[in-house]
>>> print(open('model11.cif').read())   # mmCIF, C-alpha atoms
data_coords
loop_
_atom_site.label_atom_id
_atom_site.label_comp_id
_atom_site.auth_asym_id
_atom_site.auth_seq_id
_atom_site.Cartn_x
_atom_site.Cartn_y
_atom_site.Cartn_z
CA MET R 1 20.77 -7.85 -24.19
CA GLN R 2 21.98 -7.63 -20.57
CA GLU R 3 23.97 -10.45 -19.00
CA THR R 4 25.40 -11.14 -15.56
CA LEU R 5 27.55 -14.17 -14.81
CA ILE R 6 27.87 -15.48 -11.26
CA ARG R 7 31.11 -17.44 -11.45
CA ASN R 8 32.79 -20.17 -9.40
CA ALA R 9 30.32 -20.42 -6.52
CA ASP R 10 31.67 -22.72 -3.83
CA HIS R 11 28.19 -24.16 -3.40
CA LEU R 12 24.96 -23.61 -5.33
CA LEU R 13 21.65 -24.62 -3.74
CA THR R 14 19.22 -24.55 -6.64
CA MET R 15 15.94 -25.50 -4.89
CA ASP R 16 14.91 -26.81 -8.31
CA ASP R 17 12.59 -29.78 -8.80
CA THR R 18 15.38 -32.23 -7.94
CA ARG R 19 16.94 -29.99 -5.23
CA ARG R 20 20.32 -30.11 -6.98
CA GLU R 21 23.39 -28.83 -5.15
CA LEU R 22 26.46 -28.00 -7.23
CA SER R 23 30.06 -27.10 -6.39
CA GLY R 24 32.19 -24.68 -8.40
CA ALA R 25 29.15 -23.70 -10.44
CA ASP R 26 28.30 -20.71 -12.62
CA VAL R 27 24.91 -19.08 -13.18
CA LEU R 28 24.26 -16.95 -16.27
CA ILE R 29 21.41 -14.45 -16.14
CA ARG R 30 20.27 -12.90 -19.41
CA ASP R 31 17.62 -10.16 -19.64
CA GLY R 32 16.32 -10.92 -16.16
CA GLN R 33 16.05 -14.69 -16.65
CA ILE R 34 18.35 -17.57 -15.75
CA ALA R 35 19.81 -18.68 -19.07
CA ALA R 36 22.35 -21.33 -18.07
CA ILE R 37 23.79 -23.21 -15.09
CA GLY R 38 27.06 -25.10 -15.26
CA THR R 39 30.83 -24.65 -15.22
CA GLY R 40 33.11 -22.65 -17.46
CA LEU R 41 30.31 -20.35 -18.66
CA SER R 42 31.28 -17.05 -20.28
CA THR R 43 29.74 -13.66 -20.93
CA THR R 44 30.52 -10.27 -22.40
CA GLY R 45 28.49 -8.74 -19.58
CA GLU R 46 29.17 -8.24 -15.88
CA ILE R 47 30.92 -10.95 -13.87
CA ILE R 48 30.40 -11.51 -10.13
CA GLU R 49 33.10 -13.66 -8.60
CA ALA R 50 31.43 -16.06 -6.13
CA ARG R 51 34.44 -18.02 -4.91
CA GLY R 52 34.09 -18.41 -1.14
CA CYS R 53 30.31 -17.98 -1.42
CA VAL R 54 27.12 -20.00 -1.20
CA VAL R 55 24.51 -19.06 -3.81
CA THR R 56 20.79 -19.55 -3.19
CA PRO R 57 17.57 -18.38 -4.73
CA GLY R 58 16.41 -15.05 -3.37
CA LEU R 59 14.35 -15.40 -0.22
CA VAL R 60 10.59 -14.69 -0.34
CA ASN R 61 8.76 -12.80 2.41
CA THR R 62 5.05 -13.69 2.48
CA HIS R 63 3.82 -11.39 5.25
CA HIS R 64 4.82 -7.92 6.39
CA HIS R 65 3.40 -4.61 7.57
CA LEU R 66 6.09 -2.32 6.22
CA TYR R 67 4.55 0.83 7.69
CA GLN R 68 5.47 -0.44 11.15
CA SER R 69 9.18 0.10 10.43
CA LEU R 70 8.83 3.52 12.11
CA THR R 71 7.39 2.08 15.34
CA ARG R 72 9.85 -0.51 16.58
CA ALA R 73 10.23 -1.17 20.32
CA VAL R 74 7.54 1.32 21.34
CA PRO R 75 7.63 1.17 25.17
CA GLY R 76 3.90 0.73 25.75
CA GLY R 77 3.75 -2.25 23.40
CA GLN R 78 6.97 -4.07 24.19
CA ASP R 79 5.43 -6.59 26.58
CA ALA R 80 1.78 -6.63 25.50
CA LEU R 81 -0.24 -9.45 23.98
CA LEU R 82 -1.66 -8.98 20.48
CA PHE R 83 -4.84 -7.04 21.24
CA GLY R 84 -3.21 -4.79 23.84
CA TRP R 85 -0.26 -4.24 21.55
CA LEU R 86 -2.60 -3.08 18.78
CA GLN R 87 -4.43 -0.69 21.08
CA THR R 88 -1.10 0.87 22.10
CA LEU R 89 0.05 1.45 18.53
CA TYR R 90 -3.16 2.43 16.70
CA PRO R 91 -3.06 6.07 17.95
CA ILE R 92 0.53 6.44 16.69
CA TRP R 93 -0.24 4.97 13.28
CA ALA R 94 -3.22 7.29 12.98
CA ARG R 95 -0.72 10.16 12.64
CA PHE R 96 0.97 8.67 9.56
CA GLY R 97 0.62 10.10 6.08
CA PRO R 98 2.02 9.43 2.60
CA GLU R 99 5.65 10.23 3.48
CA GLU R 100 5.62 7.97 6.53
CA MET R 101 4.27 5.15 4.37
CA PHE R 102 6.93 5.66 1.69
CA VAL R 103 9.87 5.98 4.07
CA SER R 104 8.82 3.06 6.28
CA ALA R 105 8.28 0.83 3.25
CA GLN R 106 11.66 1.64 1.77
CA LEU R 107 13.35 1.17 5.12
CA GLY R 108 11.73 -2.23 5.67
CA LEU R 109 12.42 -3.41 2.13
CA ALA R 110 16.07 -2.34 2.33
CA GLU R 111 16.43 -4.36 5.54
CA LEU R 112 14.86 -7.36 3.81
CA ALA R 113 17.17 -6.99 0.81
CA LEU R 114 20.26 -7.09 3.02
CA SER R 115 18.93 -10.34 4.51
CA GLY R 116 18.64 -12.01 1.10
CA CYS R 117 15.02 -11.22 0.21
CA THR R 118 14.20 -10.56 -3.45
CA LEU R 119 10.37 -10.75 -3.30
CA SER R 120 8.19 -9.40 -0.52
CA SER R 121 4.49 -9.12 0.05
CA ASP R 122 3.05 -6.36 2.23
CA HIS R 123 -0.23 -6.03 4.10
CA LEU R 124 -1.21 -2.36 4.41
CA TYR R 125 -4.59 -2.09 6.09
CA LEU R 126 -4.77 1.53 7.28
CA TYR R 127 -4.71 4.70 5.19
CA PRO R 128 -4.66 7.80 7.42
CA ASN R 129 -4.20 11.39 6.23
CA GLY R 130 -4.20 10.73 2.50
CA ALA R 131 -1.92 7.67 2.50
CA ARG R 132 -2.46 5.23 -0.38
CA LEU R 133 -1.18 1.82 -1.37
CA GLU R 134 0.97 3.29 -4.13
CA ASP R 135 3.13 5.07 -1.54
CA THR R 136 4.61 1.63 -0.84
CA ILE R 137 4.59 0.53 -4.48
CA HIS R 138 6.72 3.52 -5.49
CA ALA R 139 9.13 2.79 -2.60
CA ALA R 140 9.63 -0.79 -3.78
CA ALA R 141 10.07 0.22 -7.41
CA GLU R 142 12.77 2.74 -6.52
CA LEU R 143 14.63 0.17 -4.45
CA GLY R 144 14.25 -2.55 -7.09
CA LEU R 145 12.65 -5.37 -5.08
CA ARG R 146 9.94 -7.57 -6.53
CA PHE R 147 6.73 -6.63 -4.69
CA HIS R 148 3.32 -8.11 -3.87
CA PRO R 149 1.44 -5.40 -1.94
CA THR R 150 -2.06 -6.12 -0.70
CA ARG R 151 -4.84 -3.58 -0.28
CA GLY R 152 -5.85 -4.22 3.32
CA ALA R 153 -8.71 -2.62 5.21
CA MET R 154 -10.48 -2.21 8.53
CA SER R 155 -14.18 -1.32 8.72
CA ILE R 156 -15.25 -2.05 12.31
CA GLY R 157 -14.09 0.66 14.72
CA GLU R 158 -14.33 1.04 18.47
CA SER R 159 -17.83 2.48 18.36
CA ASP R 160 -19.03 -0.74 16.68
CA GLY R 161 -17.20 -3.07 19.06
CA GLY R 162 -13.96 -3.34 17.10
CA LEU R 163 -10.37 -2.73 18.19
CA PRO R 164 -9.17 0.12 15.94
CA PRO R 165 -10.06 3.77 16.56
CA ASP R 166 -12.91 4.96 14.38
CA ARG R 167 -10.58 7.35 12.54
CA LEU R 168 -8.62 4.38 11.14
CA VAL R 169 -11.58 2.51 9.64
CA GLU R 170 -13.19 3.04 6.23
CA ARG R 171 -16.61 2.62 4.67
CA GLU R 172 -16.83 -0.80 3.05
CA ALA R 173 -18.02 0.58 -0.27
CA ASP R 174 -14.97 2.89 -0.34
CA ILE R 175 -12.69 -0.04 0.45
CA LEU R 176 -13.98 -2.13 -2.44
CA ASN R 177 -13.80 0.81 -4.85
CA ASP R 178 -10.18 1.49 -3.93
CA CYS R 179 -9.34 -2.21 -4.31
CA ILE R 180 -10.62 -1.98 -7.87
CA ARG R 181 -8.59 1.20 -8.46
CA VAL R 182 -5.24 -0.17 -7.26
CA VAL R 183 -5.63 -3.54 -8.96
CA ASP R 184 -6.49 -1.86 -12.26
CA ALA R 185 -3.61 0.60 -11.90
CA PHE R 186 -0.76 -1.53 -10.58
CA HIS R 187 -1.39 -5.29 -10.83
CA ASP R 188 0.75 -7.01 -13.47
CA PRO R 189 -0.09 -10.73 -13.82
CA ALA R 190 2.65 -11.44 -16.38
CA GLU R 191 5.54 -13.81 -15.74
CA GLY R 192 8.45 -11.81 -14.39
CA SER R 193 6.13 -9.14 -13.03
CA MET R 194 7.71 -6.73 -10.56
CA CYS R 195 4.37 -5.89 -8.94
CA ARG R 196 1.25 -7.93 -8.28
CA VAL R 197 -1.54 -6.61 -6.07
CA GLY R 198 -3.73 -8.61 -3.68
CA ILE R 199 -6.90 -7.88 -1.69
CA ALA R 200 -6.57 -8.25 2.06
CA PRO R 201 -9.16 -7.26 4.70
CA CYS R 202 -7.14 -7.05 7.89
CA SER R 203 -8.71 -9.80 9.97
CA PRO R 204 -12.04 -11.41 10.85
CA PHE R 205 -12.28 -9.15 13.92
CA SER R 206 -11.76 -5.84 12.07
CA VAL R 207 -14.13 -6.20 9.08
CA SER R 208 -17.63 -7.54 8.55
CA ARG R 209 -18.62 -10.93 7.23
CA GLU R 210 -20.05 -9.14 4.19
CA LEU R 211 -16.76 -7.44 3.36
CA MET R 212 -14.89 -10.73 3.64
CA ARG R 213 -17.32 -12.33 1.20
CA ASP R 214 -17.36 -9.36 -1.18
CA ALA R 215 -13.56 -9.15 -1.16
CA ALA R 216 -13.33 -12.80 -2.17
CA LEU R 217 -15.78 -12.30 -5.02
CA LEU R 218 -13.93 -9.18 -6.21
CA ALA R 219 -10.51 -10.85 -6.06
CA ARG R 220 -11.69 -13.75 -8.18
CA ASP R 221 -13.33 -11.43 -10.66
CA LYS R 222 -10.03 -9.56 -10.98
CA GLY R 223 -7.83 -12.66 -10.89
CA VAL R 224 -5.79 -11.55 -7.87
CA MET R 225 -4.90 -13.24 -4.59
CA LEU R 226 -6.52 -12.92 -1.16
CA HIS R 227 -4.75 -12.47 2.16
CA THR R 228 -5.65 -11.92 5.82
CA HIS R 229 -4.68 -12.87 9.39
CA LEU R 230 -6.12 -16.11 10.74
CA ALA R 231 -5.94 -18.19 13.92
CA GLU R 232 -3.05 -16.16 15.30
CA ASN R 233 -3.52 -16.84 19.03
CA ASP R 234 -5.93 -18.11 21.66
CA GLU R 235 -7.81 -14.79 21.72
CA ASP R 236 -8.37 -15.13 18.00
CA ILE R 237 -9.93 -18.59 18.41
CA ALA R 238 -12.11 -17.43 21.32
CA TYR R 239 -13.35 -14.44 19.28
CA SER R 240 -14.24 -16.66 16.33
CA LEU R 241 -16.14 -19.15 18.49
CA GLU R 242 -18.05 -16.38 20.30
CA LYS R 243 -18.87 -14.15 17.31
CA PHE R 244 -19.16 -16.64 14.46
CA GLY R 245 -19.98 -19.88 16.24
CA CYS R 246 -17.16 -21.76 14.53
CA ARG R 247 -13.40 -22.04 14.33
CA PRO R 248 -11.41 -19.73 12.01
CA GLY R 249 -10.87 -22.39 9.35
CA GLN R 250 -14.59 -23.02 9.01
CA TYR R 251 -15.27 -19.28 8.91
CA ALA R 252 -12.74 -18.90 6.09
CA GLU R 253 -14.22 -21.83 4.16
CA ASP R 254 -17.77 -20.52 4.52
CA LEU R 255 -16.83 -17.12 3.06
CA GLY R 256 -14.76 -18.36 0.12
CA TRP R 257 -11.42 -17.79 1.81
CA THR R 258 -9.77 -21.10 0.96
CA GLY R 259 -8.11 -22.08 -2.30
CA ALA R 260 -4.86 -21.82 -4.22
CA ASP R 261 -5.39 -18.06 -4.58
CA VAL R 262 -5.55 -17.50 -0.79
CA TRP R 263 -2.87 -17.30 1.86
CA HIS R 264 -3.36 -16.65 5.57
CA ALA R 265 -0.86 -15.16 8.00
CA HIS R 266 0.17 -16.93 11.21
CA CYS R 267 -2.25 -19.89 11.57
CA VAL R 268 -0.61 -20.69 14.91
CA LYS R 269 -3.75 -22.31 16.29
CA LEU R 270 -4.97 -24.39 13.34
CA ASP R 271 -6.20 -27.80 14.43
CA GLY R 272 -5.94 -31.07 12.52
CA GLN R 273 -9.18 -30.59 10.58
CA GLU R 274 -8.16 -27.08 9.52
CA ILE R 275 -4.75 -28.31 8.39
CA ASP R 276 -6.44 -30.99 6.28
CA LEU R 277 -8.79 -28.34 4.84
CA PHE R 278 -5.87 -26.12 3.84
CA ALA R 279 -4.01 -29.04 2.30
CA LYS R 280 -7.06 -30.18 0.31
CA THR R 281 -7.82 -26.68 -0.98
CA ARG R 282 -4.15 -25.67 -1.56
CA THR R 283 -4.58 -22.69 0.77
CA GLY R 284 -1.25 -21.11 1.72
CA VAL R 285 0.17 -20.10 5.10
CA ALA R 286 2.62 -17.32 5.97
CA HIS R 287 4.51 -18.55 9.04
CA CYS R 288 5.88 -15.70 11.18
CA PRO R 289 7.94 -17.36 13.94
CA CYS R 290 9.69 -14.32 15.44
CA SER R 291 6.46 -12.33 15.71
CA ASN R 292 4.66 -15.33 17.21
CA CYS R 293 7.39 -15.50 19.86
CA ARG R 294 7.45 -11.74 20.41
CA LEU R 295 3.69 -11.59 21.06
CA GLY R 296 3.54 -14.90 22.91
CA SER R 297 1.14 -16.37 20.37
CA GLY R 298 2.63 -19.86 20.30
CA ILE R 299 4.41 -22.19 17.89
CA ALA R 300 2.64 -22.81 14.60
CA PRO R 301 2.23 -26.48 13.59
CA VAL R 302 4.53 -26.15 10.59
CA ARG R 303 5.69 -29.78 10.67
CA PRO R 304 2.13 -31.17 10.52
CA MET R 305 1.25 -28.58 7.85
CA ARG R 306 4.19 -29.56 5.66
CA ASP R 307 3.56 -33.27 6.18
CA ALA R 308 -0.08 -32.80 5.14
CA GLY R 309 0.90 -30.88 1.99
CA VAL R 310 0.00 -27.35 3.05
CA LYS R 311 1.90 -24.63 1.19
CA VAL R 312 4.01 -22.80 3.80
CA GLY R 313 6.19 -19.71 3.37
CA LEU R 314 7.86 -17.37 5.83
CA GLY R 315 6.97 -13.85 6.91
CA VAL R 316 8.82 -11.38 9.10
CA ASP R 317 5.48 -9.73 10.02
CA GLY R 318 5.42 -6.07 11.05
CA SER R 319 8.58 -4.47 12.35
CA ALA R 320 6.63 -3.39 15.44
CA SER R 321 5.90 -7.01 16.39
CA ASN R 322 9.24 -8.61 15.56
CA ASP R 323 11.04 -6.02 15.86
CA ALA R 324 13.31 -6.88 12.95
CA GLY R 325 12.95 -7.64 9.26
CA ASN R 326 15.76 -10.12 8.68
CA LEU R 327 14.36 -13.00 6.65
CA VAL R 328 17.29 -15.40 6.96
CA LEU R 329 17.07 -15.11 10.76
CA GLU R 330 13.34 -15.79 10.42
CA ALA R 331 14.18 -19.03 8.61
CA ARG R 332 16.57 -20.01 11.40
CA GLN R 333 13.91 -19.27 13.99
CA ALA R 334 11.37 -21.38 12.11
CA MET R 335 13.78 -24.30 12.16
CA LEU R 336 14.58 -23.91 15.85
CA LEU R 337 10.96 -23.62 16.96
CA GLN R 338 9.94 -26.82 15.21
CA ARG R 339 12.84 -28.54 16.95
CA VAL R 340 11.78 -27.14 20.33
CA ALA R 341 8.24 -28.38 19.78
CA ARG R 342 8.93 -31.71 18.06
CA GLY R 343 12.57 -32.75 18.45
CA ALA R 344 15.95 -31.99 16.93
CA ASP R 345 15.11 -33.96 13.78
CA ALA R 346 11.84 -32.10 13.14
CA MET R 347 13.29 -29.69 10.57
CA SER R 348 16.65 -29.50 8.83
CA ALA R 349 18.48 -26.33 7.86
CA ARG R 350 17.92 -27.12 4.20
CA GLU R 351 14.18 -27.62 4.63
CA ALA R 352 13.85 -24.30 6.46
CA LEU R 353 15.77 -22.59 3.66
CA GLU R 354 13.47 -24.27 1.13
CA ILE R 355 10.45 -22.83 2.97
CA ALA R 356 12.11 -19.39 2.82
CA THR R 357 12.69 -19.59 -0.95
CA ARG R 358 10.68 -22.01 -3.05
CA GLY R 359 8.01 -22.37 -0.35
CA GLY R 360 7.27 -18.66 -0.23
CA ALA R 361 7.18 -18.41 -4.01
CA GLU R 362 4.63 -21.23 -4.14
CA VAL R 363 2.46 -19.52 -1.50
CA LEU R 364 2.41 -16.33 -3.61
CA ASN R 365 1.82 -18.30 -6.83
CA ARG R 366 5.14 -17.03 -8.19
CA HIS R 367 6.25 -20.19 -9.94
CA ASP R 368 8.73 -18.10 -11.90
CA CYS R 369 10.66 -17.37 -8.67
CA GLY R 370 12.06 -19.21 -5.67
CA GLN R 371 14.52 -21.51 -7.43
CA ILE R 372 17.64 -21.36 -9.57
CA ALA R 373 16.70 -23.14 -12.77
CA VAL R 374 16.88 -22.28 -16.45
CA GLY R 375 13.89 -20.14 -17.39
CA LYS R 376 13.24 -18.84 -13.86
CA ARG R 377 13.77 -15.21 -12.92
CA GLY R 378 17.24 -13.97 -12.06
CA ASP R 379 16.56 -13.46 -8.34
CA VAL R 380 19.68 -14.68 -6.55
CA ALA R 381 21.30 -14.26 -3.13
CA ILE R 382 25.07 -14.62 -2.74
CA TRP R 383 26.34 -15.33 0.78
CA ASP R 384 30.02 -14.91 1.70
CA VAL R 385 30.96 -17.95 3.82
CA SER R 386 34.67 -17.11 4.05
CA GLY R 387 34.33 -15.02 7.20
CA ILE R 388 34.04 -15.44 10.96
CA GLU R 389 30.34 -16.40 10.95
CA SER R 390 30.97 -19.55 8.91
CA ALA R 391 34.44 -20.36 10.21
CA GLY R 392 34.69 -23.97 11.34
CA SER R 393 31.55 -25.07 9.48
CA TRP R 394 31.89 -28.47 7.83
CA ASP R 395 28.85 -27.76 5.66
CA PRO R 396 28.79 -24.14 4.46
CA ALA R 397 25.51 -24.81 2.66
CA ALA R 398 23.83 -25.28 6.05
CA LEU R 399 23.59 -21.51 6.27
CA LEU R 400 20.96 -21.50 8.98
CA LEU R 401 23.20 -23.41 11.38
CA ALA R 402 26.42 -21.48 10.79
CA GLY R 403 26.45 -18.68 8.28
CA PRO R 404 26.13 -14.98 7.56
CA VAL R 405 22.93 -13.10 8.30
CA SER R 406 23.35 -10.63 5.43
CA VAL R 407 24.23 -11.05 1.78
CA ARG R 408 27.28 -10.00 -0.16
CA TYR R 409 25.25 -9.60 -3.36
CA LEU R 410 21.55 -9.64 -4.12
CA LEU R 411 20.22 -9.75 -7.67
CA VAL R 412 16.61 -9.10 -8.63
CA GLU R 413 15.74 -9.67 -12.27
CA GLY R 414 19.51 -9.87 -12.77
CA ARG R 415 20.10 -6.36 -11.39
CA GLN R 416 22.27 -5.75 -8.33
CA VAL R 417 20.20 -4.42 -5.43
CA VAL R 418 22.92 -5.24 -2.88
CA ARG R 419 26.59 -4.95 -3.86
CA ASP R 420 29.47 -5.78 -1.51
CA GLY R 421 27.08 -5.90 1.42
CA ARG R 422 25.49 -2.49 0.81
CA VAL R 423 22.22 -1.46 -0.82
CA ALA R 424 23.23 -0.22 -4.26
CA THR R 425 20.01 1.35 -5.56
CA ILE R 426 19.14 4.06 -3.04
CA ASP R 427 20.91 6.39 -0.59
CA THR R 428 20.34 4.49 2.66
CA GLN R 429 22.04 7.13 4.81
CA ALA R 430 19.61 9.79 3.61
CA LEU R 431 16.77 7.31 4.21
CA VAL R 432 17.87 6.67 7.81
CA THR R 433 18.23 10.41 8.42
CA ARG R 434 14.71 11.07 7.19
CA GLN R 435 13.20 8.24 9.24
CA THR R 436 14.88 9.66 12.34
CA GLN R 437 13.20 13.01 11.71
CA LEU R 438 9.81 11.35 11.19
CA VAL R 439 10.12 9.22 14.34
CA GLN R 440 11.09 12.25 16.40
CA ALA R 441 8.00 14.05 15.12
CA LEU R 442 5.79 11.09 16.02
CA MET R 443 7.27 10.97 19.53
CA ALA R 444 6.76 14.69 20.13
#
>>> encode(input="model11.cif", output="structure tokens")
Amino acid sequence: MQETLIRNADHLLTMDDTRRELSGADVLIRDGQIAAIGTGLSTTGEIIEARGCVVTPGLVNTHHHLYQSLTRAVPGGQDALLFGWLQTLYPIWARFGPEEMFVSAQLGLAELALSGCTLSSDHLYLYPNGARLEDTIHAAAELGLRFHPTRGAMSIGESDGGLPPDRLVEREADILNDCIRVVDAFHDPAEGSMCRVGIAPCSPFSVSRELMRDAALLARDKGVMLHTHLAENDEDIAYSLEKFGCRPGQYAEDLGWTGADVWHAHCVKLDGQEIDLFAKTRTGVAHCPCSNCRLGSGIAPVRPMRDAGVKVGLGVDGSASNDAGNLVLEARQAMLLQRVARGADAMSAREALEIATRGGAEVLNRHDCGQIAVGKRGDVAIWDVSGIESAGSWDPAALLLAGPVSVRYLLVEGRQVVRDGRVATIDTQALVTRQTQLVQALMA
């Protein structure tokens, strides 16, 4: 039996069903699960002193392209819109292989961990030079983060009127066969699972209608979730109207891409009818505010989505379109953008933090995560609010208004992934050195 006791937290935001907030509280984690919450708890195991700290559930990242961690701030794509940005970066990504996928995934996940993230999805939709989805799965397992990779794909290349180079697309039969392979090999549906696998054709403009439909049928046969990009910007809407004769929400509905087992990235341009459709079908949304700003896509209607009952989580999106992977800053940006669009009372700091924790867990159907409650997994972020960043704050629990942007401790399944502000499970200096070598080779 392994126990860890988080003791004397100045403030505990549980995000449980009653949204309890406790002062001077303890949290006992036993064998990866929260066993008790209260005061004066004891253990024969490890003790983490949390005086001067705010404790929250671990943050949940619902959309990422981890491979892009090696292509941040590429000059040709810094000021481009989405489609032009993709065309700049595709030739670089075509030079990746298994090591680039592993290193970039571990780099991106380490950055997420430092920002309080305990569970991350990933959308890997290109597989050049022998790269496979398990390159990222092994990276996450070594680091110790809970992971929800998705087997993405592109099948329509330039010669068929698509955006990606032909060398980055795959035959649709091969895509479906590999989806079966990775789900059978790596998907663990059990409560407390460290790895669940989803199926995720890249976007409606990079795969065929048939693949979208077949992917939905396969995912439901296998009991796994579905993910793709949808309604990201004005170009996306125009493409859907021209090619499919309908808006993206209708296209998704027609092909079986709505439901509690589906979540879509971005959804910046959803209209009122599409929001109602997503609410009725329990379809989830991964809101990526920094990427939407970076690419000039717009401000997603998160307030109307939440008010209608749509499940909304946060995503940092790819490191090449952000160009960061800090999830707590993403939550702050989400809050600020809704205020810009709808007024200062449109979203509170606590609601934005709820979206980043419990909200993301609900989007990924991880009802065992996202809150600090007895029986839930021991995924906990501990934020030191005794320093300069929080000095002068009258409400330390309002982290997104005045608080640290990295954690002091991060526990996943009760194990310390971040300790005293540093990643504890891997050699990050060696990782940074290796990524420098890989980037220099890509630039040559």
>>> atom_distance(input="model11.cif", atom1="CA of Ala324 in chain R", atom2="CA of Asp420 in chain R")
21.7 Å
>>> resolve_selection(input="model11.cif", expression="the PyMOL selection byres ((chain R and resi 143) around 8)", output="MDAnalysis selection string")
chainID R and resid 106 109:110 139:142 144:145 417 425:426
>>> residues_near_point(input="model11.cif", point="(33.4, -18.1, 0.2)", cutoff="9 Å", atoms="only C-alpha atoms", output="ChimeraX atom specification")
/R:9-11,50-54,383-387,396
>>> resolve_selection(input="model11.cif", expression="the PyMOL selection byres ((chain R and resi 353-365) around 6)", output="PyMOL selection string")
chain R and resi 59-60+284+311-314+350-352+366-367+369-371
>>> residues_around(input="model11.cif", residues="Val439 in chain R", least_positions_apart="4", cutoff="8 Å", atoms="only C-alpha atoms", output="VMD selection string")
chain R and resid 70 to 71 435 443
>>> closest_atom_pairs(input="model11.cif", of="range 237-326 of chain R", to="range 215-221 of chain R", cutoff="10 Å", atoms="only C-alpha atoms", output="JSON lines")
{"residue": "R:Leu255", "atom": "CA", "partner": "R:Ala216", "partner_atom": "CA", "distance": 7.6}
{"residue": "R:Gly256", "atom": "CA", "partner": "R:Ala216", "partner_atom": "CA", "distance": 6.2}
{"residue": "R:Trp257", "atom": "CA", "partner": "R:Ala216", "partner_atom": "CA", "distance": 6.7}
{"residue": "R:Thr258", "atom": "CA", "partner": "R:Ala216", "partner_atom": "CA", "distance": 9.6}
{"residue": "R:Asp261", "atom": "CA", "partner": "R:Arg220", "partner_atom": "CA", "distance": 8.4}
{"residue": "R:Val262", "atom": "CA", "partner": "R:Ala216", "partner_atom": "CA", "distance": 9.2}
>>> closest_residue(input="model11.cif", among="R:Thr150, R:Gly249, R:Ala94, R:Glu191", to="Val224 in chain R", atoms="only C-alpha atoms")
R:Thr150
>>> residues_near_point(input="model11.cif", point="(-10.6, -16.4, 22.1)", cutoff="12 Å", atoms="only C-alpha atoms", output="PyMOL selection string")
chain R and resi 82-83+205+231-248+269+297
>>> resolve_selection(input="model11.cif", expression="the PyMOL selection byres ((chain R and resi 162-171) around 7)", output="CSV table (one decimal) with C-alpha atoms, in the frame of the given file")
chain,number,residue,atom,x,y,z
R,87,GLN,CA,-4.4,-0.7,21.1
R,90,TYR,CA,-3.2,2.4,16.7
R,94,ALA,CA,-3.2,7.3,13.0
R,126,LEU,CA,-4.8,1.5,7.3
R,128,PRO,CA,-4.7,7.8,7.4
R,154,MET,CA,-10.5,-2.2,8.5
R,155,SER,CA,-14.2,-1.3,8.7
R,156,ILE,CA,-15.2,-2.0,12.3
R,157,GLY,CA,-14.1,0.7,14.7
R,158,GLU,CA,-14.3,1.0,18.5
R,159,SER,CA,-17.8,2.5,18.4
R,160,ASP,CA,-19.0,-0.7,16.7
R,161,GLY,CA,-17.2,-3.1,19.1
R,172,GLU,CA,-16.8,-0.8,3.0
R,173,ALA,CA,-18.0,0.6,-0.3
R,174,ASP,CA,-15.0,2.9,-0.3
R,175,ILE,CA,-12.7,0.0,0.4
R,205,PHE,CA,-12.3,-9.2,13.9
R,206,SER,CA,-11.8,-5.8,12.1
>>> residues_around(input="model11.cif", residues="Gln78 in chain R", least_positions_apart="4", cutoff="12 Å", atoms="all atoms listed in the file", output="list of chain:residue names")
R:Thr71, R:Arg72, R:Ala73, R:Val74, R:Leu82, R:Gly84, R:Trp85, R:Leu86, R:Thr88, R:Leu89, R:Ser291, R:Arg294, R:Leu295, R:Gly296, R:Ser319, R:Ala320, R:Ser321, R:Asn322, R:Asp323
>>> atom_distance(input="model11.cif", atom1="CA of Met212 in chain R", atom2="CA of Asp276 in chain R")
22.1 Å
>>> atom_distance(input="model11.cif", atom1="CA of Asp368 in chain R", atom2="CA of Val328 in chain R")
20.9 Å
>>> closest_residue(input="model11.cif", among="R:Glu100, R:Asp17, R:Glu3, R:Glu330", to="Glu46 in chain R", atoms="all atoms listed in the file")
R:Glu3
>>> residues_around(input="model11.cif", residues="Thr14 in chain R", least_positions_apart="3", cutoff="8 Å", atoms="only C-alpha atoms", output="PyMOL selection string")
chain R and resi 19-21+56-57+371-373
>>> residues_around(input="model11.cif", residues="range 183-189 of chain R", least_positions_apart="5", cutoff="9 Å", atoms="all atoms listed in the file", output="PyMOL selection string")
chain R and resi 134+137+148+151+178+194-199+222-224
>>> decode(input="model11.cif", residues="range 73-84 of chain R", atoms="C-alpha atoms", output="PDB file, in the first residue's frame")
ATOM      1  CA  ALA R  73       8.120  30.194 -34.049  1.00  0.00           C
ATOM      2  CA  VAL R  74       9.121  29.003 -37.524  1.00  0.00           C
ATOM      3  CA  PRO R  75       9.684  32.282 -39.435  1.00  0.00           C
ATOM      4  CA  GLY R  76       7.587  31.457 -42.492  1.00  0.00           C
ATOM      5  CA  GLY R  77       4.559  30.602 -40.361  1.00  0.00           C
ATOM      6  CA  GLN R  78       4.702  33.246 -37.657  1.00  0.00           C
ATOM      7  CA  ASP R  79       2.197  35.598 -39.274  1.00  0.00           C
ATOM      8  CA  ALA R  80       0.205  33.267 -41.524  1.00  0.00           C
ATOM      9  CA  LEU R  81      -3.453  32.291 -41.347  1.00  0.00           C
ATOM     10  CA  LEU R  82      -4.330  28.646 -40.751  1.00  0.00           C
ATOM     11  CA  PHE R  83      -4.085  27.248 -44.286  1.00  0.00           C
ATOM     12  CA  GLY R  84      -0.926  29.189 -45.155  1.00  0.00           C
TER      13      GLY R  84
END
